[in-house]
Every structure is written in structure tokens, then in C-alpha cells.
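Everything on this sheet refers to the single structure shown next.
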Amino acid sequence: MAAFDETWQFPIPSTSRGRGFEWDSRDEALMDRAIALARSVPETATLPNPRVGALIVEDGIIVSEGYHARDGGPHAERIALHNLGRLPKHEAQMIVTLEPCSTTGRTGSCCERILAARNIRRVVIGTIDPNPAHAGRGIRLLLEARIEVVWGVRTAACEALNPRFNARMLALPRTQGRHRKLPSHGQPA
Ligand SMILES: [Zn+2]
């Protein structure tokens, strides 16, 4: 499996595609379902937050779903894990339309929640967080926990979920001095 390019810098552009890991049409089909979940609510319902959909997949089968329904409500990843009602099975995957949040806000960090679920081996992400202060942070946290991460799956459709959120985030000032290298040890053994 290819190593990550250590010259990669954070924040990473939202159009970047995950390197080193592959995805296929099954991942795209699952992402389409996550996108449909995110679309369960109008964009105005979640503003200023984005619409997000998430799935938990075990042995290729969707076993739980979640979406962000309203501003201040729990995030899609957390709902999907809650709805599962148990720890995911070993080797489970999460499919999510937006990079999981890495900073604890009103509802806690989804990266922390994913790690607490222990058995999620792979996370498939549609788009990187467009907030320049956060872009790539969630991916980095997951990689450092030796979870396989791919991103850039159905990016255009995932970005189209949140035109207003994206515009607001991209208008934020570029952060200085936050550039960090991707970990070289992200890929599972
Ligand atoms: Zn979150």
C-alpha cells in the first residue's frame, strides 16, 4: 500500500483526494445513501452548521444511519453510532459526507466518538472540512489512530449539500502557521 506523501500540508484543499488508499463503486454507492440522508432536511434546518449524513457498515451491509437534523443537535456520526445501540463489529466502516469534526463543540468531537467506538477500521469521507482552521485535522486524528481514511468520494455531490455553509467557511481568513505534515504512519499494517 502506498505511503502518504509527507510533503502534504495542512490545511489541505477541499478538492484533495485521499492518497494511499483506494475506494471503489461500493464506497460511492454507500456515499450516495449518506448524501440522501443528509438531504432529509433542508439546508436551512442545520445552518449555521452543515447538512451531514453518516452510515455504519459491517460486512458490506448498512447496519445504522444518521444525519444532522438541526442546528445544535447531535452530529450525524454520533447519531449513527447511537442508533446502532452497541459497539460496531470488528472491521466496521463509517461512511460520512463531511470530514468528522475534531474539536469539541457543543456536542463533542465526532473523531473522539469514532475512536471510542473502537472497532471502526475505515472511514470514507466525501469532503474535507472547508473551514481553513480545521481542514484535514479530523483526517489526521483518525490516521494517527491507525484508522484507514479515504476522502474525496462523491465530493461534488457532498459539497452541493451545503452551499451556504461552504461559502461562509471559505470566506474565513486563511490561518497562518498551521501547516503540518501528514503522518507517515497512517496506514494500517
Ligand atoms: Zn461532528
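How things are named: the first chain in the C-alpha cells is A, the next is B, and so on; residues count from 1 in each chain; ligands count from 1 in the order shown.
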Would you list the contacts of A:Arg122 as a list in words, taking every protein, DNA or RNA residue within 9 Å and counting only C-alpha atoms, but skipping same-chain residues closer than 4 positions in sequence?
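Those residues are Glu91, Ala92, Gln93, Met94, Ile95, Ile147, Glu148, Val149 and Val150 of chain A.
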Please produce a file of the residues just selected, as an mmCIF file, in the first residue's frame, where the atoms kept are N, CA and C atoms.
```cif
data_model
loop_
_atom_site.group_PDB
_atom_site.id
_atom_site.type_symbol
_atom_site.label_atom_id
_atom_site.label_comp_id
_atom_site.auth_asym_id
_atom_site.auth_seq_id
_atom_site.Cartn_x
_atom_site.Cartn_y
_atom_site.Cartn_z
ATOM 1 N N GLU A 91 -13.761 -4.388 12.386
ATOM 2 C CA GLU A 91 -13.601 -4.111 10.954
ATOM 3 C C GLU A 91 -14.758 -3.310 10.370
ATOM 4 N N ALA A 92 -15.564 -2.678 11.193
ATOM 5 C CA ALA A 92 -16.664 -1.868 10.674
ATOM 6 C C ALA A 92 -16.127 -0.630 9.957
ATOM 7 N N GLN A 93 -16.978 -0.053 9.135
ATOM 8 C CA GLN A 93 -16.623 1.169 8.412
ATOM 9 C C GLN A 93 -17.645 2.250 8.700
ATOM 10 N N MET A 94 -17.181 3.487 8.650
ATOM 11 C CA MET A 94 -18.105 4.620 8.670
ATOM 12 C C MET A 94 -17.995 5.355 7.347
ATOM 13 N N ILE A 95 -19.137 5.701 6.802
ATOM 14 C CA ILE A 95 -19.207 6.493 5.581
ATOM 15 C C ILE A 95 -19.823 7.825 5.990
ATOM 16 N N ILE A 147 -6.508 4.352 11.775
ATOM 17 C CA ILE A 147 -7.724 4.051 11.009
ATOM 18 C C ILE A 147 -7.430 4.379 9.549
ATOM 19 N N GLU A 148 -7.894 3.529 8.657
ATOM 20 C CA GLU A 148 -7.751 3.802 7.232
ATOM 21 C C GLU A 148 -8.756 4.891 6.858
ATOM 22 N N VAL A 149 -8.300 5.922 6.179
ATOM 23 C CA VAL A 149 -9.182 7.029 5.811
ATOM 24 C C VAL A 149 -9.056 7.280 4.318
ATOM 25 N N VAL A 150 -10.180 7.372 3.640
ATOM 26 C CA VAL A 150 -10.171 7.846 2.264
ATOM 27 C C VAL A 150 -11.105 9.045 2.192
#
```
For ligand 1, list the contacting residues at 7 Å or closer, counting only C-alpha atoms and all ligand atoms, as a PyMOL selection string.
chain A and resi 75+77+100-101+109-110
Can those selected residues be exported to a file as a compact mmCIF listing (two decimals), in the first residue's frame so that it contains N, CA and C atoms?
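File produced: result37.txt:
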```txt
# COMPACT_ATOMS: atom_id res chain seq x y z
N HIS A 75 -24.42 15.38 15.94
CA HIS A 75 -23.89 15.22 14.59
C HIS A 75 -24.24 13.84 14.03
N GLU A 77 -22.53 11.44 12.69
CA GLU A 77 -21.73 10.28 13.07
C GLU A 77 -22.17 9.77 14.44
N PRO A 100 -15.19 14.26 9.69
CA PRO A 100 -15.66 14.35 11.08
C PRO A 100 -14.96 15.47 11.83
N CYS A 101 -15.72 16.13 12.70
CA CYS A 101 -15.16 17.27 13.44
C CYS A 101 -14.14 16.77 14.46
N SER A 109 -16.54 16.04 20.04
CA SER A 109 -15.89 15.78 18.76
C SER A 109 -16.30 14.42 18.21
N CYS A 110 -16.64 14.40 16.94
CA CYS A 110 -17.01 13.14 16.32
C CYS A 110 -15.80 12.22 16.16
```
Between stretch 68-152 of chain A and stretch 43-53 of chain A, at 9 Å or less, what are the per-residue closest atom pairs and their distances in Å? Count only C-alpha atoms, order by chain and rising residue number, and return it as a Markdown table.
```
| residue | atom | partner | partner_atom | distance |
| --- | --- | --- | --- | --- |
| A:His68 | CA | A:Val52 | CA | 5.4 |
| A:Ala69 | CA | A:Thr46 | CA | 6.3 |
| A:Arg70 | CA | A:Thr46 | CA | 4.3 |
| A:Asp71 | CA | A:Thr46 | CA | 4.4 |
| A:Gly72 | CA | A:Thr46 | CA | 8.0 |
| A:Gly73 | CA | A:Thr46 | CA | 8.5 |
| A:His75 | CA | A:Val52 | CA | 7.6 |
| A:Ala76 | CA | A:Gly53 | CA | 5.5 |
| A:Glu77 | CA | A:Gly53 | CA | 7.6 |
| A:Ala80 | CA | A:Gly53 | CA | 8.9 |
| A:Ile95 | CA | A:Gly53 | CA | 8.3 |
| A:Val96 | CA | A:Gly53 | CA | 5.8 |
| A:Thr97 | CA | A:Gly53 | CA | 5.7 |
| A:Leu98 | CA | A:Val52 | CA | 6.3 |
```
Which value, in Å to one decimal, gives the distance between atom CA of A:Val41 and atom CA of A:Pro130?
20.5 Å
